>>> print(open('work.cif').read())   # mmCIF, C-alpha atoms; chains and numbers go by the auth columns
data_query
#
loop_
_atom_site.group_PDB
_atom_site.id
_atom_site.type_symbol
_atom_site.label_atom_id
_atom_site.label_comp_id
_atom_site.label_asym_id
_atom_site.label_seq_id
_atom_site.Cartn_x
_atom_site.Cartn_y
_atom_site.Cartn_z
_atom_site.B_iso_or_equiv
_atom_site.auth_seq_id
_atom_site.auth_asym_id
ATOM 1 C CA MET A 1 -33.628 -45.325 50.729 0.00 607 X
ATOM 2 C CA ILE A 2 -35.501 -43.664 47.877 0.00 608 X
ATOM 3 C CA ARG A 3 -36.179 -39.996 48.395 0.00 609 X
ATOM 4 C CA LYS A 4 -38.134 -37.565 46.302 0.00 610 X
ATOM 5 C CA ARG A 5 -36.124 -34.500 45.338 0.00 611 X
ATOM 6 C CA SER A 6 -37.120 -31.307 43.574 0.00 612 X
ATOM 7 C CA ILE A 7 -35.030 -29.337 41.110 0.00 613 X
ATOM 8 C CA THR A 8 -35.585 -26.436 38.734 0.00 614 X
ATOM 9 C CA LEU A 9 -34.847 -27.320 35.100 0.00 615 X
ATOM 10 C CA HIS A 10 -35.314 -24.750 32.375 0.00 616 X
ATOM 11 C CA GLY A 11 -37.261 -22.513 34.737 0.00 617 X
ATOM 12 C CA HIS A 12 -39.719 -25.204 35.807 0.00 618 X
ATOM 13 C CA ARG A 13 -39.794 -27.224 39.002 0.00 619 X
ATOM 14 C CA THR A 14 -39.695 -30.969 38.566 0.00 620 X
ATOM 15 C CA SER A 15 -39.052 -33.856 40.881 0.00 621 X
ATOM 16 C CA PHE A 16 -37.296 -37.174 40.726 0.00 622 X
ATOM 17 C CA SER A 17 -36.848 -40.096 43.083 0.00 623 X
ATOM 18 C CA VAL A 18 -33.594 -42.025 43.302 0.00 624 X
ATOM 19 C CA GLU A 19 -31.756 -43.996 45.934 0.00 625 X
ATOM 20 C CA ASP A 20 -29.052 -42.182 47.896 0.00 626 X
ATOM 21 C CA PRO A 21 -26.148 -44.057 46.216 0.00 627 X
ATOM 22 C CA PHE A 22 -27.385 -42.910 42.792 0.00 628 X
ATOM 23 C CA LEU A 23 -27.656 -39.337 44.023 0.00 629 X
ATOM 24 C CA ASP A 24 -24.136 -39.504 45.467 0.00 630 X
ATOM 25 C CA GLU A 25 -22.757 -40.828 42.182 0.00 631 X
ATOM 26 C CA LEU A 26 -24.552 -38.159 40.153 0.00 632 X
ATOM 27 C CA LYS A 27 -22.985 -35.489 42.355 0.00 633 X
ATOM 28 C CA THR A 28 -19.544 -37.086 41.904 0.00 634 X
ATOM 29 C CA ILE A 29 -19.942 -37.217 38.124 0.00 635 X
ATOM 30 C CA ALA A 30 -21.032 -33.573 38.031 0.00 636 X
ATOM 31 C CA ARG A 31 -18.024 -32.548 40.116 0.00 637 X
ATOM 32 C CA LYS A 32 -15.592 -34.528 37.928 0.00 638 X
ATOM 33 C CA ARG A 33 -17.030 -32.890 34.813 0.00 639 X
ATOM 34 C CA GLY A 34 -16.874 -29.420 36.327 0.00 640 X
ATOM 35 C CA LEU A 35 -20.647 -29.034 36.200 0.00 641 X
ATOM 36 C CA SER A 36 -23.175 -28.025 38.773 0.00 642 X
ATOM 37 C CA PHE A 37 -25.495 -30.795 39.889 0.00 643 X
ATOM 38 C CA ALA A 38 -28.426 -29.010 38.232 0.00 644 X
ATOM 39 C CA ALA A 39 -26.510 -28.687 34.937 0.00 645 X
ATOM 40 C CA LEU A 40 -25.805 -32.433 34.854 0.00 646 X
ATOM 41 C CA ILE A 41 -29.435 -33.259 35.625 0.00 647 X
ATOM 42 C CA ALA A 42 -30.530 -30.849 32.861 0.00 648 X
ATOM 43 C CA GLU A 43 -28.204 -32.580 30.362 0.00 649 X
ATOM 44 C CA ILE A 44 -29.607 -35.983 31.274 0.00 650 X
ATOM 45 C CA ASP A 45 -33.155 -34.638 31.104 0.00 651 X
ATOM 46 C CA GLU A 46 -32.590 -33.162 27.636 0.00 652 X
ATOM 47 C CA SER A 47 -31.128 -36.374 26.237 0.00 653 X
ATOM 48 C CA ARG A 48 -33.645 -38.844 27.649 0.00 654 X
ATOM 49 C CA PRO A 49 -36.280 -40.452 25.445 0.00 655 X
ATOM 50 C CA LEU A 50 -39.673 -38.761 25.616 0.00 656 X
ATOM 51 C CA ASN A 51 -41.320 -41.932 26.886 0.00 657 X
ATOM 52 C CA SER A 52 -38.983 -42.329 29.892 0.00 658 X
ATOM 53 C CA ASN A 53 -39.212 -40.595 33.225 0.00 659 X
ATOM 54 C CA LEU A 54 -36.414 -38.553 34.741 0.00 660 X
ATOM 55 C CA SER A 55 -35.810 -40.912 37.659 0.00 661 X
ATOM 56 C CA SER A 56 -35.217 -43.860 35.335 0.00 662 X
ATOM 57 C CA ALA A 57 -33.048 -41.746 33.031 0.00 663 X
ATOM 58 C CA LEU A 58 -30.838 -40.762 35.987 0.00 664 X
ATOM 59 C CA ARG A 59 -30.358 -44.369 37.094 0.00 665 X
ATOM 60 C CA LEU A 60 -29.588 -45.523 33.550 0.00 666 X
ATOM 61 C CA PHE A 61 -27.101 -42.684 33.135 0.00 667 X
ATOM 62 C CA VAL A 62 -25.205 -43.798 36.245 0.00 668 X
ATOM 63 C CA LEU A 63 -25.276 -47.406 35.027 0.00 669 X
ATOM 64 C CA ARG A 64 -23.831 -46.379 31.629 0.00 670 X
ATOM 65 C CA GLU A 65 -21.096 -44.370 33.353 0.00 671 X
ATOM 66 C CA PHE A 66 -20.092 -47.384 35.457 0.00 672 X
ATOM 67 C CA LYS A 67 -20.171 -49.742 32.495 0.00 673 X
ATOM 68 C CA GLN A 68 -17.997 -47.361 30.494 0.00 674 X
ATOM 69 C CA ALA A 69 -15.510 -47.082 33.364 0.00 675 X
ATOM 70 C CA VAL A 70 -15.311 -50.883 33.634 0.00 676 X
ATOM 71 C CA GLU A 71 -14.770 -51.246 29.880 0.00 677 X
ATOM 72 C CA GLU A 72 -12.001 -48.633 29.941 0.00 678 X
ATOM 73 C CA ALA A 73 -10.320 -50.366 32.877 0.00 679 X
ATOM 74 C CA GLU A 74 -10.512 -53.727 31.103 0.00 680 X
ATOM 75 C CA GLU A 75 -8.981 -52.230 27.946 0.00 681 X
ATOM 76 C CA LYS A 76 -6.075 -50.839 29.972 0.00 682 X
ATOM 77 C CA VAL A 77 -5.423 -54.245 31.504 0.00 683 X
ATOM 78 C CA LEU A 78 -5.449 -55.913 28.093 0.00 684 X
ATOM 79 C CA GLU A 79 -3.067 -53.297 26.660 0.00 685 X
ATOM 80 C CA ARG A 80 -0.450 -53.826 29.402 0.00 686 X
ATOM 81 C CA PRO A 81 2.541 -55.940 28.469 0.00 687 X
ATOM 82 C CA ALA A 82 2.989 -59.226 30.296 0.00 688 X
ATOM 83 C CA GLU A 83 4.481 -58.709 33.730 0.00 689 X
ATOM 84 C CA ALA A 84 8.005 -59.933 34.432 0.00 690 X
ATOM 85 C CA ASN A 85 6.697 -61.446 37.679 0.00 691 X
ATOM 86 C CA PHE A 86 5.313 -64.384 35.787 0.00 692 X
ATOM 87 C CA GLN A 87 8.683 -65.860 34.796 0.00 693 X
ATOM 88 C CA ARG A 88 9.003 -69.547 35.464 0.00 694 X
ATOM 89 C CA ASN A 89 11.540 -70.836 37.911 0.00 695 X
ATOM 90 C CA PRO A 90 13.518 -73.766 36.517 0.00 696 X
ATOM 91 C CA VAL A 91 12.742 -77.064 38.221 0.00 697 X
ATOM 92 C CA SER A 92 15.781 -78.894 39.601 0.00 698 X
#
>>> encode(input="work.cif", output="structure tokens")
Amino acid sequence: MIRKRSITLHGHRTSFSVEDPFLDELKTIARKRGLSFAALIAEIDESRPLNSNLSSALRLFVLREFKQAVEEAEEKVLERPAEANFQRNPVS
């Protein structure tokens, strides 16, 4: 469900609309970074292109975070040495 939310950024009230899963993930990212939710939203707002709206910028931020996490996980898998579990059993 998409809900409209209001937040104060730089002393001004603004609103954004995102689906609940995006909001949940934004809150998780803020917590992991040791930021308040408002501070994370302000960072995203400051870095977004002038021709994009805040709601879209928030969704794209979450998407980039997930893509980066997937890439890092894939790199870790590729860096692991071959597992000993894949030894062949001799055929009799």
>>> residues_around(input="work.cif", residues="Phe643 (chain X)", least_positions_apart="5", cutoff="9 Å", atoms="only C-alpha atoms", output="MDAnalysis selection string")
chainID X and resid 632:637 648
>>> resolve_selection(input="work.cif", expression="the PyMOL selection byres ((chain X and resi 609) around 12)", output="list in words")
Met607, Ile608, Lys610, Arg611, Ser612, Ser621, Phe622, Ser623, Val624, Glu625, Asp626, Pro627, Phe628, Leu629 and Ser661 of chain X
>>> closest_residue(input="work.cif", among="X:Leu615, X:Ile650, X:Val683, X:Ala644", to="Phe667 (chain X)", atoms="only C-alpha atoms")
X:Ile650
>>> axis_aligned_box(input="work.cif", around="region 646-656 of chain X", padding_each_side="4 Å", output="JSON")
{"center_x": -32.7, "center_y": -35.7, "center_z": 30.5, "size_x": 21.9, "size_y": 17.6, "size_z": 18.2}
>>> atom_distance(input="work.cif", atom1="CA of Gly640 (chain X)", atom2="CA of Leu656 (chain X)")
26.9 Å
>>> resolve_selection(input="work.cif", expression="the PyMOL selection byres ((chain X and resi 651) around 12)", output="MDAnalysis selection string")
chainID X and resid 613:616 620:622 644:650 652:667
